[in-house]
Amino acid sequence: MGRQAARMNVNGKSYARVIDARLTLADFLRHEINLTGTHVGCEHGVCGACTVLVDGRTARSCLMFAVQANGCEVTTVEGLTPEGKLSVLQQAFIDNHGLQCGFCTPGMLITLTELLRDTPDPSEQEVREALTGNLCRCTGYAGIVAAALDAARRLRDADKQETT
Amino acid sequence: MKPAPFDYHAPRQLKEAAELLAKLPNAKVLAGGQSLVPMMNFRYVIVDHLVDLNGLDELRGIVVGDGRLRIGAMTRQRDIETSPEIQRLCPLMAEALRHVGHRQTRNRGTIGGSLAHADPAAELPAVCAAHDAIVHVASVRGIRQIAFHEFGSGFMATSLAPDEMIAAIDLQLWRQGHGYGFHEFARRQGDFALAGAVALLDIGADNVVRRAGLTLFGIATSPVRVEAAEARLTGQPLDASAIRAASAAARQTEPISDIHASGEYRRHLAQVLSSRALNDAAQRAGVQA
Amino acid sequence: MGAKHFGARVTRLEDPALLAGRGRFVDDVKLPGALHACFVRSPHAHAKLVSIDSKVALIMPGVHAVITAADLPDSMRTRRLPLLLPNPALATTKTQHPLARDEVCYVGQAVAVVIADTRYIAEDAAAAMIVQYDVLPAISDCRTAAEDNAPHVHGDLSSNVAASFRMAYGDTDAAFADAAHVFTEGLWQHRGGGMAMETRAVLASHDPASDLLTVWSGTQTPHLGRQALADLLDRDLQSIRMIAPDVGGGFGPKAIFYPEEAVIPAAALKVARPVKWIEDRREHFLCATQERDQYWEMSIAVDDDAQILGVRGRMLHDTGAYVPWGIVMPYIASTTVPGPYVVPAYQLDTTVMLTNKVPTTPVRGAGRPQAVFAMERLLDRVARELNIDRTEVRRRNLIQPEQMPYEVGLLFRDGKPLVYDSGDYPRVQEKALELADYDGFRERRRAALDEGRFIGIGIANYVEGTGLGPFEGVTVRVLASGKIVVATGATNQGQGTRTTLSQIIAEQTGCRLDDIVMTIGDTGAIAQGVGAFASRQAVNAGSSALVAGQAVRKQLVALAARTLDVPESEIDLDDGQATSRRGNKPSIGFGDLARLAQGIPGVSLPAGQAAGLEHTAYYTPSQAAYCSGTHVVEVQVDAMTGGVKILRYTVAHDAGRVINPLIVDGQVQGGVAHGIGNALLEWMQYDANAQPLTTSFADYMLPMATDVPTCAIAHVEIVNPLNPLGVKGAGEGGTIPAPAAIISAIEDALTPFGVHFAETPLTPERIVAAMRAAGAYERLFAA
C-alpha cells in the first residue's frame with residue numbers, strides 16, 4: 001500500500017525519495033535524511049517539539065505526511081544555524097539560559113524565528129502567546145522569553161546600524 | 001503512535017477530488033490535518049484512502065458579496081485571521097480566531113476542516129452559527145447548500161454524506177457598526193473552550209435593539225442559538241437588566257458533561273460568559289448598558 | 001586562588017550543540033541494521049493473561065520476531081525487576097516481571113514485544129496480535145482498596161495494604177489533651193507525572209566478537225540499570241555497558257529501572273541485531289511511573305499565641321500495582337511534615353495501598369509537596385482562626401539559626417537521624433517577604449477591589465533533604481595532549497551537570513574550561529555510579545569533583561616544581577599552564593607534565609612521583625544536606641469563572657553555596673512551573689475500572705508560557721558545613737512549596753466569600769462550586 005515519491009527542499013538542499021505515504025514529515029526529516037535536530041515529543045500536535053517551517057510558516061511536522069511537503073521549502077533547526085557559528089537568536093538562548101535538556105529547543109527556535117520575522121518588536125505578552133504552541137518542562141519559560149526579547153532587541157539594533 | 005497504512009491521493013481540482021471520494025472505499029479528506037492526523041496517529045481513525053485537498057487552490061480565498069462573505073473551505077485559519085476583509089466586515093471572526101489553537105495550528109488548519117470536525121468546543125462553528133452561515137457542499141452530484149443550523153447532527157457529527165466535502169461557507173454579514181462580543185473560558189491559552197458565548201447586537205435609535213444574536217459553544221454537542229435570550233433582547237431598549245435576563249436564559253441550555261467540566265459548571269459559565277459577551281457587544285455598538 | 005569559575009554565571013557548555021540541533025538523544029543514535037520494537041500492552045487494569053497468539057503478526061512482511069515471557073532467556077523469564085529500596089515495613093515486595101506471565105495488574109502492562117523493520121510495521125503487527133484475557137475486578141481508588149471485601153489488586157495477595165507505618169516523636173496525646181486550640185483539616189493532593197518532553201527510549205546492541213552488550217537508555221541511573229540488567233541476564237557486569245546520552249528531561253520517573261530496559265536487550269540478543277524502542281506519548285501516559293493521590297487527615301494543636309504544641313494525623317497513599325522503590329515517597333512525605341518549624345510532638349500513621357495502576361515512584365519533590373501542603377494549610381487555618389497574620393504565625397514557630405544543627409526526632413530516608421545541618425529560616429522568610437513587597441500588598445488589594453478584581457497573596461515554607469548518598473564519583477585525568485578527561489557516574493537531563501562539574505574542576509586545577517572532555521552517564525567510563533534523583537548530584541558529584549580536582553592539583557604542582565626546579569609554593573596553575581612566580585617565570589603546560597608523568601619505559605620514576613596525573617574520588621555524604629526556602633505568590637481569581645492568574649511569584653531559598661547562579665535560577669524557575677502545574681492543572685485521571693482517562697497532552701494539562709510568570713529569586717547562601725563545597729541540592733525546591741503557596745493565595749483572594757480549599761489540583765470548577773455553596777453568586781449575579 002501507498003509508496004509515493006517525496007521531493008522537497010530542506011534547508012536549501014533538494015531531496016527526492018520514495019517512501020510510504022504514511023511516513024510523517026518528522027520521521028522523514030529524522031530518519032530518511034538524517035536531520036535529527038527536529039524532535040518528536042507527542043505525535044498528536046500539542047508539544048511543538050517537532051515544529052519546522054514549511055514555505056516559511058511554522059507547522060507541526062508530526063501532523064504532516066512527508067508527501068504533503070512535495071514541492072515545498074522546509075526549514076529545520078539545522079537550517080537556522082549559520083555555518084560554523086550560532087545565530088543571534090541561538091546566542092541569546094545561551095546568554096539567557098533559554099534551554100536545559102534541549103529537547104524542546106529546536107521547536108522553540110523555529111517558532112521564535114517566525115515571530116521575530118513578523119513582529120520585530122514584540123511585547124513580553126506577545127512572546128508568551130506565541131510560545132503557547134511549544135511546551136517546555138525544564139525551564140519554566142523565563143529564559144526562553146528573555147532570550148526572545150534579547151534577540152529581538154539585538155536584531156533591531158543590527159538593522160538600525162545597517163540602515164544608518 | 002504511527003498511523004495505519006493508507007493510499008494517498010493528491011487531486012488538483014474539485015471535480016477530481018469529488019470523484020475520488022465517490023469511488024474509493026473508506027476514504028477521508030485531508031485538509032489542515034490538525035484534528036484528523038492526531039486521530040490517525042492514535043489509530044482512533046483508520047482510513048484506506050486519504051484524499052489530500054491541499055492542492056485545491058479553487059477552494060481557497062475570501063470573496064465579498066452582497067451582504068455576505070464567502071470563504072473557501074480550504075482557506076487557512078491564519079489567512080482568515082489576517083484578512084483585511086474579515087477585520088473590516090466580520091471582526092467577530094478575527095477575534096474568535098485569536099482563541100483557536102496556536103499559530104502553528106492556524107497556519108495549516110482550515111475553516112472547512114474545523115466545521116467538518118465539529119468539535120462542540122470549537123470557535124469557528126460558533127461564529128458560523130452566529131452569522132446564519134450557509135455551507136456549500138460538493139460531491140459528484142454537484143453543489144448543495146445546507147443552512148448552518150441543519151449542518152450539525154450530533155456529537156462530532158455533521159450531515160455530510162461520506163462522499164461529500166465542504167467547498168465554501170457564506171457568512172451573512174451584520175450591518176456595519178454592529179456590536180460584537182466574544183468570550184470563552186478555557187483552562188489555558190488556545191485550549192478548546194469549556195464554554196463560550198458569541199454576542200451580536202444591532203442597536204438603533206433610543207438604544208433599542210433591532211437585532212440580537214447570542215450563540216453558545218462548548219455547552220451542547222454543537223453551537224446553540226439562545227432564542228429565548230434573543231427574543232428577550234429584540235425590540236427592547238438595551239440595559240443592564242435586559243442583559244441579566246438574557247444571560248439567565250442562556251443558563252437554561254441543556255449542557256454536556258465530561259472529564260473537563262460538569263454540566264452544572266457549564267450552565268454557570270454559559271450565564272457568566274453570555275453576560276460578558278453581551279456587555280462587550282453593547283459597548284462596541286456604542287451603548288453603555 | 002580566586003573564585004573565577006565557582007559562583008560565576010558561566011554560560012553552559014552543553015548549549016551550542018543542542019541549539020544547533022546536534023544533540024544526541026537515544027533516537028538520534030543510528031546503528032546499521034537496527035530493528036524496531038513495539039510492545040503489546042494490556043488494555044485491562046486487572047486480568048488473567050490466558051493466551052497470546054502471534055501467528056498473524058509473525059507472517060507480516062518486515063516482522064522479525066514476537067517475544068513473550070515464554071521466549072525470554074531462562075534467567076529473565078521468572079525473575080522480577082529489582083526492589084531497589086527494601087524496608088521492613090513493606091508487607092509485599094512485589095515488582096513486575098519483565099513481561100507479564102499470567103496476570104496483568106495495570107493498563108499498559110507489557111505482555112509481548114514485536115520486533116520489525118520499522119516502528120510503523122511493528123505497530124501494525126502489534127495490532128494483529130490476539131491476546132486473550134480473563135478480566136478481573138480492578139481497584140482504582142486507594143480508599144476503595146482499603147475497604148473490607150475490596151477486590152484484590154493482585155490475585156495472590158489477600159491484602160491490598162503494601163505497608164503501614166508510624167512516624168512519631170514526643171507525646172502527642174498530652175500535647176492535644178492540654179491544647180488551647182485544636183484544628184483539623186482533610187486534604188487531598190494529586191501530583192501527576194514527570195512528563196519530560198522526551199519519552200523513554202532504549203537501544204540495545206550486542207557485539208559477538210567482544211560479547212559486549214551496549215545499551216543506550218534515556219535513564220537517570222545507568223549504573224543502577226546496568227546492575228539490574230546484569231542480574232536479570234546472569235551476565236558479568238563488565239559485559240554490559242549502559243549509556244545515558246543526552247536525555248530530554250528526567251524529573252524522577254526516569255530514575256527507576258523499567259521492564260523495557262530488560263526486554264529490549266534480551267530481544268537484541270535473541271535476534272542478533274540492534275533493537276531500538278522509542279516510547280510514544282500514549283505509552284508514556286500509561287506506563288511511565290507517576291505520583292498520584294494522597295489523602296491526609298491532619299490535626300494541629302496550638303496555644304493562644306499560635307505556638308505549635310503538636311501535629312498528628314493519618315495519610316493514605318496510592319502506590320499503584322507494584323513497589324519498585326518501596327515506600328520511599330510516603331516515607332519522605334511523613335518525615336517532611338515538621339518542616340522548618342519547632343514541632344514538640346508529632347505522629348503520622350501512613351497506610352500505603354496497592355491499586356491497579358502503574359507504580360508510583362518519585363516525581364520532582366518526591367512526596368514533599370504533599371507534606372508541605374498539609375503543614376502549610378494547617379498553619380493558615382491557625383492564622384485564620386486566631387486572627388493572626390499568616391506570616392507571623394510562621395515566624396513564631398520557625399526554628400531559629402542558633403538551634404542549628406537541629407535534631408527533628410525522626411529517622412530520614414537516608415538512614416540517618418533527621419538533623420538539619422544548617423539554615424536560617426527566619427532570614428529566608430524575611431527576604432522573600434521583602435522581595436515580594438508583602439507590606440505593600442494591602443494597598444494593592446484595595447486598589448484591585450476598587451476595580452472589582454479579587455487578588456490574594458500566599459506564603460509557604462519548606463525544608464528539603466537533598467544530596468542523598470551513597471556516593472557519586474568523579475575521575476580527573478590529565479592527558480599528554482593537554483586535555484583534561486573527566487568521567488562521572490552523574491548524569492544529565494538538563495541540569496547542566498557538565499558545566500557545573502567543569503567549573504569546579506577548572507577552578508581547582510587551573511585548566512581551561514574548554515580543555516575539559518567529560519563523559520557523563522556512561523558505565524564504561526567510571527566503575528561505580530548511582531545517578532540523578534533527590535537533588536543529589538551537586539553535593540555528591542560536585543564534592544567528588546572538588547576532591548579529585550584538588551588531588552590532581554597537588555600532583556601538577558609537585559611535578560611542575562620538580563621539573564622547573566623551584567619550590568612548590570612558587571607554582572601557579574592557570575589557563576592550562578604551571579608557571580613559576582620567580583625569575584623569568586618559566587612555565588610548562590599540563591600536557592607536557594602529563595607526558596613526563598608517564599615516565600620512560602624501563603626507567604624508575606623519581607622518588608615521590610606517582611604514575612600519571614589522575615585521581616578518582618567517591619565522596620560519600622554522612623547525611624542529607626538540608627536546603628530550605630520560602631515562596632510568596634500573588635494571584636488574581638476571576639470570582640465568576642474560577643479562573644486563576646498568577647500575577648507575581650517570589651522565591652527566597654538557601655541552597656548553600658551556589659556553583660552557578662544561572663543554572664540554579666533555572667532549576668528554581670523550572671521547579672516553580674511544575675509546582676504551578678500541580679496546583680492548578682495536572683491531574684492523571686482514572687475511571688472506576690482503573691482505566692486512564694487523561695492519556696494525551698490535550699487532556700493532561702502542562703503549564704504553558706502564558707501560565708508561568710518569571711520568578712523573582714533571592715539566594716541566601718548558608719554554607720553546608722558537611723561537604724567540602726558547602727552546597728545543598730537545588731533541583732526540587734521550586735516545586736515543593738508551590739501548591740501550598742498558590743492555594744493559600746487563592747483562598748486569600750476570595751476572603752470576602754469565606755471559602756476554603758485543601759486540595760490540589762484546584763480547578764476553576766471546584767472554586768466555583770465552593771463559591772456557590774457559600775452563597776456567593778446570589779450577590780455576584782445581581783451586581
# chains A, B, ... in the order shown; residues from 1 in each chain; ligands from 1

$ select_by_dssp --residues "stretch 57-150 of chain A" --states "alpha helix (DSSP H)" --output "compact mmCIF listing (two decimals) with C-alpha atoms, in the first residue's frame"
# COMPACT_ATOMS: atom_id res chain seq x y z
CA VAL A 77 16.79 23.94 13.21
CA GLU A 78 19.85 22.88 11.24
CA GLY A 79 18.82 25.44 8.64
CA LEU A 80 18.71 28.19 11.26
CA VAL A 88 21.70 35.94 17.12
CA LEU A 89 18.70 34.05 18.50
CA GLN A 90 20.77 31.00 19.39
CA GLN A 91 23.37 33.14 21.13
CA ALA A 92 20.60 34.89 23.05
CA PHE A 93 19.42 31.47 24.27
CA ILE A 94 22.92 30.78 25.62
CA ASP A 95 23.20 34.16 27.32
CA THR A 105 14.63 23.86 21.93
CA PRO A 106 14.65 23.34 18.16
CA GLY A 107 10.87 23.84 18.09
CA MET A 108 11.22 26.96 20.23
CA LEU A 109 13.82 28.40 17.86
CA ILE A 110 11.66 27.80 14.80
CA THR A 111 8.57 29.35 16.43
CA LEU A 112 10.55 32.39 17.56
CA THR A 113 12.11 32.76 14.12
CA GLU A 114 8.62 33.18 12.65
CA LEU A 115 7.57 35.54 15.45
CA LEU A 116 10.59 37.83 15.18
CA ARG A 117 10.33 37.90 11.42
CA ASP A 118 6.68 39.03 11.55
CA GLU A 124 6.58 40.05 26.62
CA GLN A 125 2.91 39.04 26.39
CA GLU A 126 3.16 38.60 22.64
CA VAL A 127 6.21 36.40 23.07
CA ARG A 128 4.46 34.27 25.66
CA GLU A 129 1.35 33.90 23.50
CA ALA A 130 3.47 32.93 20.51
CA ALA A 142 11.57 32.55 31.76
CA GLY A 143 14.90 32.08 29.98
CA ILE A 144 13.21 31.45 26.65
CA VAL A 145 11.14 34.64 26.92
CA ALA A 146 14.19 36.62 27.98
CA ALA A 147 16.17 35.19 25.07
CA ALA A 148 13.44 36.11 22.60
CA LEU A 149 13.22 39.71 23.83
CA ASP A 150 17.01 39.98 23.94

$ residues_around --residues "C:Val182" --least-positions-apart "3" --cutoff "9 Å" --atoms "only C-alpha atoms" --output "ChimeraX atom specification"
/C:176,179,299-303,382

$ closest_atom_pairs --of "chain A" --to "chain C" --cutoff "6 Å" --atoms "only C-alpha atoms" --output "JSON lines"
{"residue": "A:Thr36", "atom": "CA", "partner": "C:Asp28", "partner_atom": "CA", "distance": 6.0}
{"residue": "A:Gly37", "atom": "CA", "partner": "C:Gly21", "partner_atom": "CA", "distance": 3.8}
{"residue": "A:Gly41", "atom": "CA", "partner": "C:Met197", "partner_atom": "CA", "distance": 5.6}
{"residue": "A:Cys42", "atom": "CA", "partner": "C:Arg281", "partner_atom": "CA", "distance": 5.0}
{"residue": "A:Val77", "atom": "CA", "partner": "C:Gly21", "partner_atom": "CA", "distance": 5.9}
{"residue": "A:Glu78", "atom": "CA", "partner": "C:Gly21", "partner_atom": "CA", "distance": 5.9}
{"residue": "A:Thr81", "atom": "CA", "partner": "C:Ala20", "partner_atom": "CA", "distance": 5.8}
{"residue": "A:Gln100", "atom": "CA", "partner": "C:Gly494", "partner_atom": "CA", "distance": 4.2}
{"residue": "A:Cys101", "atom": "CA", "partner": "C:Gly494", "partner_atom": "CA", "distance": 3.5}
{"residue": "A:Gly102", "atom": "CA", "partner": "C:Leu18", "partner_atom": "CA", "distance": 5.5}
{"residue": "A:Phe103", "atom": "CA", "partner": "C:Gly248", "partner_atom": "CA", "distance": 5.1}
{"residue": "A:Arg128", "atom": "CA", "partner": "C:Ala705", "partner_atom": "CA", "distance": 5.1}
{"residue": "A:Thr132", "atom": "CA", "partner": "C:Met704", "partner_atom": "CA", "distance": 5.5}
{"residue": "A:Cys138", "atom": "CA", "partner": "C:Gly670", "partner_atom": "CA", "distance": 5.1}
{"residue": "A:Thr139", "atom": "CA", "partner": "C:Gly670", "partner_atom": "CA", "distance": 4.4}
{"residue": "A:Gly140", "atom": "CA", "partner": "C:Gly670", "partner_atom": "CA", "distance": 4.2}
{"residue": "A:Tyr141", "atom": "CA", "partner": "C:Ala705", "partner_atom": "CA", "distance": 5.7}
{"residue": "A:Ala142", "atom": "CA", "partner": "C:Thr710", "partner_atom": "CA", "distance": 5.1}

$ residues_around --residues "B:Gln13" --least-positions-apart "2" --cutoff "12 Å" --atoms "only C-alpha atoms" --output "ChimeraX atom specification"
/B:9-11,15-20,51-60,138,167

$ write_last_selection --atoms "N, CA and C atoms" --output "mmCIF file, in the first residue's frame"
data_model
loop_
_atom_site.group_PDB
_atom_site.id
_atom_site.type_symbol
_atom_site.label_atom_id
_atom_site.label_comp_id
_atom_site.auth_asym_id
_atom_site.auth_seq_id
_atom_site.Cartn_x
_atom_site.Cartn_y
_atom_site.Cartn_z
ATOM 1 N N HIS B 9 -3.835 10.239 -2.152
ATOM 2 C CA HIS B 9 -4.233 10.850 -3.422
ATOM 3 C C HIS B 9 -4.176 12.357 -3.279
ATOM 4 N N ALA B 10 -3.635 13.023 -4.304
ATOM 5 C CA ALA B 10 -3.500 14.484 -4.240
ATOM 6 C C ALA B 10 -4.125 15.113 -5.485
ATOM 7 N N PRO B 11 -5.468 15.202 -5.502
ATOM 8 C CA PRO B 11 -6.134 15.812 -6.661
ATOM 9 C C PRO B 11 -5.779 17.285 -6.766
ATOM 10 N N LYS B 15 -13.386 18.673 -8.940
ATOM 11 C CA LYS B 15 -14.097 17.600 -9.657
ATOM 12 C C LYS B 15 -13.388 16.268 -9.418
ATOM 13 N N GLU B 16 -12.072 16.290 -9.524
ATOM 14 C CA GLU B 16 -11.268 15.075 -9.332
ATOM 15 C C GLU B 16 -11.408 14.574 -7.897
ATOM 16 N N ALA B 17 -11.378 15.532 -6.945
ATOM 17 C CA ALA B 17 -11.495 15.160 -5.538
ATOM 18 C C ALA B 17 -12.849 14.497 -5.280
ATOM 19 N N ALA B 18 -13.914 15.076 -5.850
ATOM 20 C CA ALA B 18 -15.251 14.523 -5.637
ATOM 21 C C ALA B 18 -15.344 13.105 -6.192
ATOM 22 N N GLU B 19 -14.735 12.895 -7.376
ATOM 23 C CA GLU B 19 -14.778 11.552 -7.969
ATOM 24 C C GLU B 19 -14.023 10.548 -7.120
ATOM 25 N N LEU B 20 -12.880 10.974 -6.580
ATOM 26 C CA LEU B 20 -12.129 10.066 -5.723
ATOM 27 C C LEU B 20 -12.951 9.682 -4.491
ATOM 28 N N VAL B 51 -7.591 11.551 0.806
ATOM 29 C CA VAL B 51 -7.679 12.455 -0.335
ATOM 30 C C VAL B 51 -7.256 13.836 0.146
ATOM 31 N N ASP B 52 -6.063 14.242 -0.257
ATOM 32 C CA ASP B 52 -5.476 15.492 0.223
ATOM 33 C C ASP B 52 -6.044 16.654 -0.578
ATOM 34 N N LEU B 53 -6.732 17.568 0.113
ATOM 35 C CA LEU B 53 -7.349 18.706 -0.563
ATOM 36 C C LEU B 53 -6.433 19.925 -0.639
ATOM 37 N N ASN B 54 -5.205 19.801 -0.107
ATOM 38 C CA ASN B 54 -4.357 20.991 -0.003
ATOM 39 C C ASN B 54 -3.911 21.533 -1.357
ATOM 40 N N GLY B 55 -4.067 20.728 -2.403
ATOM 41 C CA GLY B 55 -3.687 21.223 -3.733
ATOM 42 C C GLY B 55 -4.824 21.944 -4.438
ATOM 43 N N LEU B 56 -6.005 22.025 -3.811
ATOM 44 C CA LEU B 56 -7.161 22.607 -4.469
ATOM 45 C C LEU B 56 -7.219 24.114 -4.249
ATOM 46 N N ASP B 57 -6.488 24.853 -5.085
ATOM 47 C CA ASP B 57 -6.476 26.316 -4.975
ATOM 48 C C ASP B 57 -7.859 26.918 -5.120
ATOM 49 N N GLU B 58 -8.716 26.260 -5.893
ATOM 50 C CA GLU B 58 -10.051 26.829 -6.126
ATOM 51 C C GLU B 58 -10.890 26.854 -4.849
ATOM 52 N N LEU B 59 -10.470 26.123 -3.812
ATOM 53 C CA LEU B 59 -11.223 26.143 -2.559
ATOM 54 C C LEU B 59 -10.656 27.150 -1.562
ATOM 55 N N ARG B 60 -9.722 27.958 -2.007
ATOM 56 C CA ARG B 60 -9.140 28.963 -1.106
ATOM 57 C C ARG B 60 -9.592 30.347 -1.489
ATOM 58 N N ALA B 138 -19.898 19.949 -1.724
ATOM 59 C CA ALA B 138 -19.639 19.437 -3.067
ATOM 60 C C ALA B 138 -19.532 17.921 -3.077
ATOM 61 N N ALA B 167 -17.166 22.915 0.389
ATOM 62 C CA ALA B 167 -16.444 23.696 -0.624
ATOM 63 C C ALA B 167 -16.272 25.150 -0.190
#

$ select_by_dssp --residues "chain A" --states "strand (DSSP E)" --output "compact mmCIF listing (two decimals) with N, CA and C atoms, in the first residue's frame"
# COMPACT_ATOMS: atom_id res chain seq x y z
N ARG A 3 3.27 3.48 -1.64
CA ARG A 3 4.61 4.04 -1.77
C ARG A 3 4.49 5.27 -2.67
N GLN A 4 5.12 6.33 -2.29
CA GLN A 4 4.97 7.60 -3.02
C GLN A 4 6.31 8.27 -3.20
N ALA A 5 6.37 9.16 -4.15
CA ALA A 5 7.58 9.98 -4.31
C ALA A 5 7.46 11.22 -3.44
N ALA A 6 8.51 11.55 -2.73
CA ALA A 6 8.55 12.80 -1.98
C ALA A 6 9.73 13.60 -2.49
N ARG A 7 9.45 14.85 -2.85
CA ARG A 7 10.51 15.70 -3.41
C ARG A 7 10.38 17.07 -2.79
N MET A 8 11.38 17.47 -2.01
CA MET A 8 11.27 18.76 -1.34
C MET A 8 12.65 19.35 -1.12
N ASN A 9 12.67 20.65 -0.83
CA ASN A 9 13.91 21.31 -0.42
C ASN A 9 13.93 21.41 1.08
N VAL A 10 15.01 20.97 1.68
CA VAL A 10 15.14 21.12 3.12
C VAL A 10 16.41 21.92 3.40
N LYS A 13 18.51 22.53 0.38
CA LYS A 13 19.08 21.42 -0.40
C LYS A 13 17.93 20.53 -0.86
N SER A 14 18.01 20.02 -2.10
CA SER A 14 16.86 19.27 -2.59
C SER A 14 17.02 17.78 -2.34
N TYR A 15 15.91 17.14 -1.97
CA TYR A 15 15.88 15.71 -1.65
C TYR A 15 14.76 15.05 -2.43
N ALA A 16 15.02 13.85 -2.92
CA ALA A 16 13.97 13.06 -3.57
C ALA A 16 14.06 11.64 -3.04
N ARG A 17 12.95 11.14 -2.55
CA ARG A 17 12.95 9.77 -2.01
C ARG A 17 11.63 9.10 -2.38
N VAL A 18 11.62 7.78 -2.36
CA VAL A 18 10.36 7.03 -2.48
C VAL A 18 10.08 6.46 -1.09
N ILE A 19 8.92 6.80 -0.56
CA ILE A 19 8.63 6.47 0.84
C ILE A 19 7.19 6.01 0.98
N ASP A 20 6.87 5.50 2.17
CA ASP A 20 5.47 5.20 2.48
C ASP A 20 4.69 6.50 2.61
N THR A 51 8.24 21.25 15.59
CA THR A 51 7.92 22.41 14.75
C THR A 51 9.02 22.70 13.73
N VAL A 52 8.61 22.87 12.47
CA VAL A 52 9.52 23.27 11.40
C VAL A 52 8.84 24.40 10.63
N LEU A 53 9.56 24.99 9.69
CA LEU A 53 8.92 25.95 8.78
C LEU A 53 8.64 25.25 7.47
N VAL A 54 7.41 25.36 6.97
CA VAL A 54 7.05 24.85 5.65
C VAL A 54 6.64 26.05 4.81
N ARG A 57 6.21 29.09 7.00
CA ARG A 57 5.25 29.14 8.09
C ARG A 57 5.47 27.96 9.03
N THR A 58 5.31 28.22 10.34
CA THR A 58 5.51 27.12 11.28
C THR A 58 4.44 26.06 11.08
N ALA A 59 4.86 24.81 11.25
CA ALA A 59 3.95 23.67 11.12
C ALA A 59 4.45 22.56 12.03
N ARG A 60 3.52 21.77 12.53
CA ARG A 60 3.90 20.62 13.34
C ARG A 60 4.20 19.46 12.39
N GLU A 73 9.40 24.21 0.54
CA GLU A 73 10.66 24.63 1.14
C GLU A 73 10.53 24.40 2.64
N VAL A 74 11.29 23.46 3.17
CA VAL A 74 11.21 23.14 4.59
C VAL A 74 12.47 23.66 5.28
N THR A 75 12.28 24.29 6.43
CA THR A 75 13.43 24.75 7.22
C THR A 75 13.39 24.08 8.58

$ residues_around --residues "stretch 75-83 of chain B" --least-positions-apart "6" --cutoff "12 Å" --atoms "only C-alpha atoms" --output "ChimeraX atom specification"
/A:57-59 /B:31-34,53-64,69,89-115,123-124,166-169

$ atom_distance --atom1 "atom CA of C:Tyr322" --atom2 "atom CA of C:Arg413"
19.6 Å

$ residues_around --residues "C:Tyr438" --least-positions-apart "5" --cutoff "9 Å" --atoms "only C-alpha atoms" --output "list in words"
Ala432, Leu433, Ile457 and Val632 of chain C

$ write_last_selection --atoms "N, CA and C atoms" --output "PDB file, in the first residue's frame"
ATOM      1  N   ALA C 432      12.153  36.757  51.428  1.00  0.00           N
ATOM      2  CA  ALA C 432      11.082  36.521  50.448  1.00  0.00           C
ATOM      3  C   ALA C 432       9.997  37.586  50.576  1.00  0.00           C
ATOM      4  N   LEU C 433       9.614  37.889  51.797  1.00  0.00           N
ATOM      5  CA  LEU C 433       8.541  38.873  52.014  1.00  0.00           C
ATOM      6  C   LEU C 433       8.968  40.254  51.536  1.00  0.00           C
ATOM      7  N   ILE C 457      -2.656  36.937  48.342  1.00  0.00           N
ATOM      8  CA  ILE C 457      -1.239  36.610  48.496  1.00  0.00           C
ATOM      9  C   ILE C 457      -1.115  35.388  49.390  1.00  0.00           C
ATOM     10  N   VAL C 632       6.448  33.175  48.007  1.00  0.00           N
ATOM     11  CA  VAL C 632       5.344  34.120  48.208  1.00  0.00           C
ATOM     12  C   VAL C 632       4.696  34.356  46.845  1.00  0.00           C
TER      13      VAL C 632
END

$ residues_around --residues "stretch 232-235 of chain B" --least-positions-apart "5" --cutoff "7 Å" --atoms "only C-alpha atoms" --output "PyMOL selection string"
chain B and resi 208-212+242+246

$ write_last_selection --atoms "N, CA and C atoms" --output "CSV table (one decimal), in the first residue's frame"
chain,number,residue,atom,x,y,z
B,208,VAL,N,-32.6,51.0,21.2
B,208,VAL,CA,-33.5,49.9,21.0
B,208,VAL,C,-32.8,48.8,20.2
B,209,VAL,N,-32.8,47.6,20.6
B,209,VAL,CA,-32.1,46.5,19.9
B,209,VAL,C,-33.0,46.1,18.7
B,210,ARG,N,-32.4,46.3,17.5
B,210,ARG,CA,-33.0,46.0,16.3
B,210,ARG,C,-32.9,44.5,16.0
B,211,ARG,N,-31.7,43.9,16.4
B,211,ARG,CA,-31.5,42.5,16.1
B,211,ARG,C,-30.5,42.0,17.2
B,212,ALA,N,-30.7,40.8,17.7
B,212,ALA,CA,-29.8,40.3,18.7
B,212,ALA,C,-29.4,38.9,18.4
B,242,ALA,N,-31.8,43.9,31.0
B,242,ALA,CA,-32.1,43.1,29.8
B,242,ALA,C,-30.9,42.1,29.6
B,246,ALA,N,-31.2,38.1,29.7
B,246,ALA,CA,-30.7,37.3,28.5
B,246,ALA,C,-29.7,36.2,29.0

$ interface_residues --of "chain B" --to "chain C" --cutoff "8 Å" --atoms "only C-alpha atoms" --output "PyMOL selection string"
chain B and resi 1-4+185+187-189+191+260-261+265+269+272
